[in-house]
Structure formats: C-alpha cells, structure tokens
Amino acid sequence: MSRAKRTSIKEYVKVDGKKYYYFKIYIGVNPLTGKPDYTTRRGFRTKKEAELALARMKLEISKGTFRKQTAETFQDVYDLWIEQYKKKVEESTFVKTAGIFRNHILPKMGDYRIAKIDYDICEKHVNEWAEKLKSVRIVKSYASKILDYAIKKQIIQTNPFSLVEIPQKTQEENIDEADNVIENFYNKEQLLHFFQCMKQESNTKAYVLFHLLAYSGMRKGEALALNWNDINFNKKEIRINKALSQGTKNRLYFKPTKTEVPRTISMDSATMEILREWKKKQRQELNILGYNSVQPKQLVFSNKKNEVLQPSITTKWLNAVIKKYQLPFLTTHGFRHTHCSLLVASHVSIKEAQVRLGHKDFKTTMNVYAHVSKQANEDVVTKLESYMAM
C-alpha cells in the first residue's frame, strides 16, 4: 500500500488546448507475471474529480474489491487492436494507419470510456473530421474498427459508428476532390515542355527518373527499387518485381509490388537510350565518390552514398522546376496519370493498360481511364470553340 500512497495526480493538455488530469496507481502484483501491476485513469476535467476517483480506487484496493478491467478506454482497446493489426499488414501500411490514429482519432476519442461511446459522440466526431479532412471516410472506418474489436472482446455489444453517415455535402466535395487528384496529369504538349525545362537543369538523375515515370507508368516506389539487372536493353523491357517503402521510424525497405505480382513492360527506344546514357554517367559519378557501381544489385537511382533515395526528394526536385518555369502543378504520382493519358491518346485498350500499370482491379483502370478521357474530351471542345471563334 505504500506504493499507492505515493500516487500523484498530474495534468496534461489535449490537442484541443484544454487541460485534463490523470493518475497512475499501483494495484498489486500481477498473478501471471509476478511483477508490479499498475492502471491509469485519465480524462478528468478537474483535479478534484481526479482526487475523488483516486480515493475511491484506493478504498477498493484496500478492501480487495478492485478488479482491473483490461480495456476501459478507447485508447486501451486501440492498444490491444494495433498489436494484432501490426502482424497482419505491411510495415508501410501499419505506419500510415498508426499515423491516422495518432493525428486524428486518438486526440478526439482516446480518453473516452469505451462503454460510454454512443451515437451522438460518434456523429459529433465524424462531422468534425468532415469539416477538416478529405479522407473522412477512411478516418471513420478506422475509428469504427476499434469498436468492432471491442465487440469481439465482449467489452461492448454494439458499434454506433455503423449508424453514422458521412455528411452529404462532404461526399459531394470529396468526389470533386478525387476528380482533381486523378486529373493531376500533363497532356502531350505540357509533358514535352516540362522535359525541355528539365534539360536546362543540371540534375540528370531527376530528368531520367521523371522521364521513366512518364513513359513507363510505374509507381515511384517501383522506380526507386529498380536494379540495373531489372532492365533488359536488348529486349527493351523492364522487370518490375519490388518497391521501395517506408516503415517505422522512417526506415526504408524493399517489399513486393502493390499487387504482389511482378510484371514486365516493354519500353520505347528513346527511354531505353536515356537509361543507357544514365548508366554510364552514374558509373562515372560513383567511381569518383569511391563506390563500385558494377554489382548485381546496383540501384538505377541511388544517393551520393550509393544507397536508396529518400522518396520525398522527388517532390523537392519537381516543385523547384515547376516554380522556376511557372509550370502547371503536378505531383510525382501525376506522372503515372500522365502515362495513362498517353495510353488513352494512343488508343491502347483498357485491358492492356491494366497489365502495364499493374492494377489488380480492372475497375481501377476503368476509373482512371474515365477521368483522363473526360479531360481529353473537354480539351477537344475548347480547341473547337477556339477554332470557330477565329
């Protein structure tokens, strides 16, 4: 009991800027491990409220009537769920999911008693997320998974999130925003102008990478994972069988492609010649720095230490060129959509595009084709109007 007497009440500030109180109390020896056992109570709005709860708990402990609940709060259930989730998904997926909880869900709901969460609470937070986030549907889905897990653990019986609908206005806005994201691409003239600007820069590595993305349609992570052995210059083919990804603590690692299915794509002669020249230039640069580039797993795109490039570097390169030459906005992933626009203009079939782009779901290719074709049709009308006005 001497440990319980030393329990102190501490304050903390949530992301909403409000001050709350919590305490961590010793409750005895864990019968399974033989080690000291503690439990934490948080979310008290006043210090007096926390003191009252602490006094009641001390009394229960002294009488031997206290029973620790394995998961009392949303945070408690999340802690149990995330350990299981971590074992079932890719490390990069785990990092993204944990980030969604850390940034959006736990600050709002972490301190709630899991048994007290009702429809009004869930609706309130869905509406708050809808006001600020484009990905409200994803955030709601993950928050709901915690209550589903609590049902499996027989902590609660129902999940009120299942009754909450996304605000209609937000649904319409998200559709428009999704369109804008998918239509993030250059047409033929814009792409050629972009590369004319890139040629005026001294960053050959960036030029080659963006050219490869635009003319192959591969994902950035797939391009950054390429070895020279993956490129067959004689057959003009590239084998895509892995991707660079980011795990916990920003650790970079190679994983299978998004669909986990390797694919081989044919390339145009111009791109293959650009890659051939880059291979020579890279070898010269690495030799000067003291690195052996003649090795089986030599990366096509490496940093000055001949290690994998940080994925974020492409955004820095791209934004600098766009700003300098006042080009239309484009993201690195936009080169993949640009490639799709070239396929549409070249009258490549949707099935052929699906195989080349590595889409597991035929519908994904259909959606991208539909958005790109829509923009292409609008361009046709604009050109017609301009011509008729002359």
# chains A, B, ... in the order shown; residues from 1 in each chain; ligands from 1
>>> residues_around(residues="region 48-64 of chain A", least_positions_apart="2", cutoff="8 Å", atoms="only C-alpha atoms", output="PyMOL selection string")
chain A and resi 1+4+9+21-23+27+44-46+66
>>> select_by_dssp(residues="region 200-329 of chain A", states="strand (DSSP E)", output="mmCIF file with C-alpha atoms, in the first residue's frame")
data_model
loop_
_atom_site.group_PDB
_atom_site.id
_atom_site.type_symbol
_atom_site.label_atom_id
_atom_site.label_comp_id
_atom_site.auth_asym_id
_atom_site.auth_seq_id
_atom_site.Cartn_x
_atom_site.Cartn_y
_atom_site.Cartn_z
ATOM 1 C CA ILE A 231 16.449 -3.608 -67.241
ATOM 2 C CA ASN A 232 16.933 -5.635 -70.408
ATOM 3 C CA GLU A 237 11.978 -4.446 -71.292
ATOM 4 C CA ILE A 238 11.854 -3.580 -67.600
ATOM 5 C CA ARG A 239 11.032 -6.139 -64.937
ATOM 6 C CA ILE A 240 9.070 -4.635 -62.022
ATOM 7 C CA ALA A 243 9.003 -1.405 -54.498
ATOM 8 C CA LEU A 244 10.699 0.919 -52.035
ATOM 9 C CA SER A 245 8.575 1.628 -48.986
ATOM 10 C CA GLN A 246 8.835 3.461 -45.673
ATOM 11 C CA LEU A 252 13.315 2.370 -45.915
ATOM 12 C CA TYR A 253 12.925 -1.189 -47.136
ATOM 13 C CA PHE A 254 12.019 -3.179 -50.237
ATOM 14 C CA LYS A 255 8.711 -5.010 -50.460
ATOM 15 C CA ARG A 263 5.246 -7.614 -64.313
ATOM 16 C CA THR A 264 7.422 -6.974 -67.323
ATOM 17 C CA ILE A 265 6.745 -3.948 -69.533
ATOM 18 C CA SER A 266 8.082 -3.005 -72.947
#
>>> atom_distance(atom1="CA of Glu165 (chain A)", atom2="CA of Asn103 (chain A)")
21.7 Å
>>> closest_residue(among="A:Leu212, A:Pro160, A:Glu352, A:Met198", to="Asn319 (chain A)", atoms="only C-alpha atoms")
A:Met198
>>> residues_around(residues="Ala143 (chain A)", least_positions_apart="4", cutoff="9 Å", atoms="only C-alpha atoms", output="JSON, numbers by chain")
{"A": [101, 105, 106, 109, 138, 139, 147, 161]}
>>> closest_residue(among="A:Thr248, A:Tyr325, A:Cys197, A:Ser162", to="Asp118 (chain A)", atoms="only C-alpha atoms")
A:Ser162
